[in-house]
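Peer 1: One structure, as structure tokens, below. Some questions next.
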Amino acid sequence: MKLGGGGDELNSEINVTPFVDIMLVLLIIFMITAPILSHKVRIDLPQPSNNPPPDVTPPDPIHLQIKQDGSLFWNDTPVDEAGLKAQIAVVAQQTNQPELQIDADDNAQYEAVAKVLSDAKGQGLVKIGFVNTGGGQ
């Protein structure tokens with residue numbers, strides 16, 4: 001490489017530093033991904049059977065309403081917190097659990113909704129949903 005004056009001379013040397021940098025980055029990427037690609041995972045897929053699946057109809061969902069004052073209604077029947085825990089425990093023991101549809105008023109206390117969710121999850125209920133009937137108050 002020539003430095004200094006002289007004017008119109010062209011530099012015919014190739015700068016390979018950026019090329020080497022890119023190649024090193026690609027080498028690192030391939031070194032990291034190659035062991036991952038060669039790792040095999042065994043998967044046991046279910047085998048098809050000639051028996052038709054049993055005709056299982058899902059149970060009717062349970063409608064739990066939480067009013068603004070914190071009162072609870074299990075399928076339009078008033079229930080207290082102890083009764084709610086007992087009903088949730090019974091439903092959670094079923095093999096085909098119905099969905100618990102929680103309908104909380106817009107102005108219901110968050111603590112009441114969180115307590116119901118905590119109780120349902122603690123008892124083992126897995127199908128929980130929220131509905132809005134549009135009642136508002």
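Quick note on naming: the chains in the structure tokens go A, B, ... in the order shown, residues restart at 1 in each chain, and ligands are numbered from 1 in order of appearance.
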Out of chain A, which residues get alpha helix (DSSP H) from DSSP, as an MDAnalysis selection string?
Peer 2: chainID A and resid 17:38 81:92 110:123
Peer 1: Find the residues near segment 109-114 of chain A: any atom within 9 Å, counting only C-alpha atoms, skip ones fewer than 5 places away on the same chain, and give them as a list in words.
Peer 2: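 Near neighbours after the sequence-gap exclusion: Ile66, Lys67, Gln68, Asp69, Gly70, Ser71, Ile102, Ala104 and Asp119 of chain A.
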Peer 1: In Å, rounded to a single decimal, give me how far atom CA of Glu99 of chain A is from atom CA of Pro48 of chain A.
Peer 2: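 Between atom CA of Pro48 of chain A and atom CA of Glu99 of chain A the gap works out to 29.1 Å.
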Peer 1: Compile the contact shell of Thr77 of chain A as a VMD selection string: residues with an atom at most 10 Å away, counting only C-alpha atoms, same-chain residues fewer than 4 positions apart removed.
Peer 2: chain A and resid 63 to 65 72 to 73
Peer 1: Between A:Pro98, A:Pro35, A:Pro78, A:Gly83, which residue has the minimum interatomic distance to Asp60 of chain A, considering only C-alpha atoms?
Peer 2: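 The answer is A:Pro98, which sits nearest to Asp60 of chain A.
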Peer 1: To one decimal place, how far is atom CA of Trp74 of chain A from atom CA of Asp105 of chain A in Å?
Peer 2: 14.4 Å
Peer 1: May I ask for the distance between atom CA of Asp106 of chain A and atom CA of Ala86 of chain A, given in Å to one decimal place?
Peer 2: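 Going from atom CA of Asp106 of chain A over to atom CA of Ala86 of chain A covers 26.1 Å.
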Peer 1: Taking the chain letters and numbering used in this document, name the residues of segment 32-96 of chain A that DSSP puts in strand (DSSP E or B), as an MDAnalysis selection string.
Peer 2: chainID A and resid 62:66 72:74 77:79
Peer 1: Take the selection from the previous step and output its residues with C-alpha atoms, as a PDB file, in the first residue's frame.
Peer 2:
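As written to disk, out_5.pdb reads:
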ATOM      1  CA  ILE A  62     -71.486 -24.279  34.642  1.00  0.00           C
ATOM      2  CA  HIS A  63     -72.455 -20.624  34.775  1.00  0.00           C
ATOM      3  CA  LEU A  64     -70.946 -18.811  37.767  1.00  0.00           C
ATOM      4  CA  GLN A  65     -72.066 -15.239  38.206  1.00  0.00           C
ATOM      5  CA  ILE A  66     -70.180 -12.784  40.417  1.00  0.00           C
ATOM      6  CA  LEU A  72     -72.010 -15.681  43.882  1.00  0.00           C
ATOM      7  CA  PHE A  73     -74.594 -17.554  41.805  1.00  0.00           C
ATOM      8  CA  TRP A  74     -73.930 -21.143  40.655  1.00  0.00           C
ATOM      9  CA  THR A  77     -78.623 -20.480  42.511  1.00  0.00           C
ATOM     10  CA  PRO A  78     -77.099 -18.349  45.297  1.00  0.00           C
ATOM     11  CA  VAL A  79     -74.049 -19.943  46.890  1.00  0.00           C
TER      12      VAL A  79
END
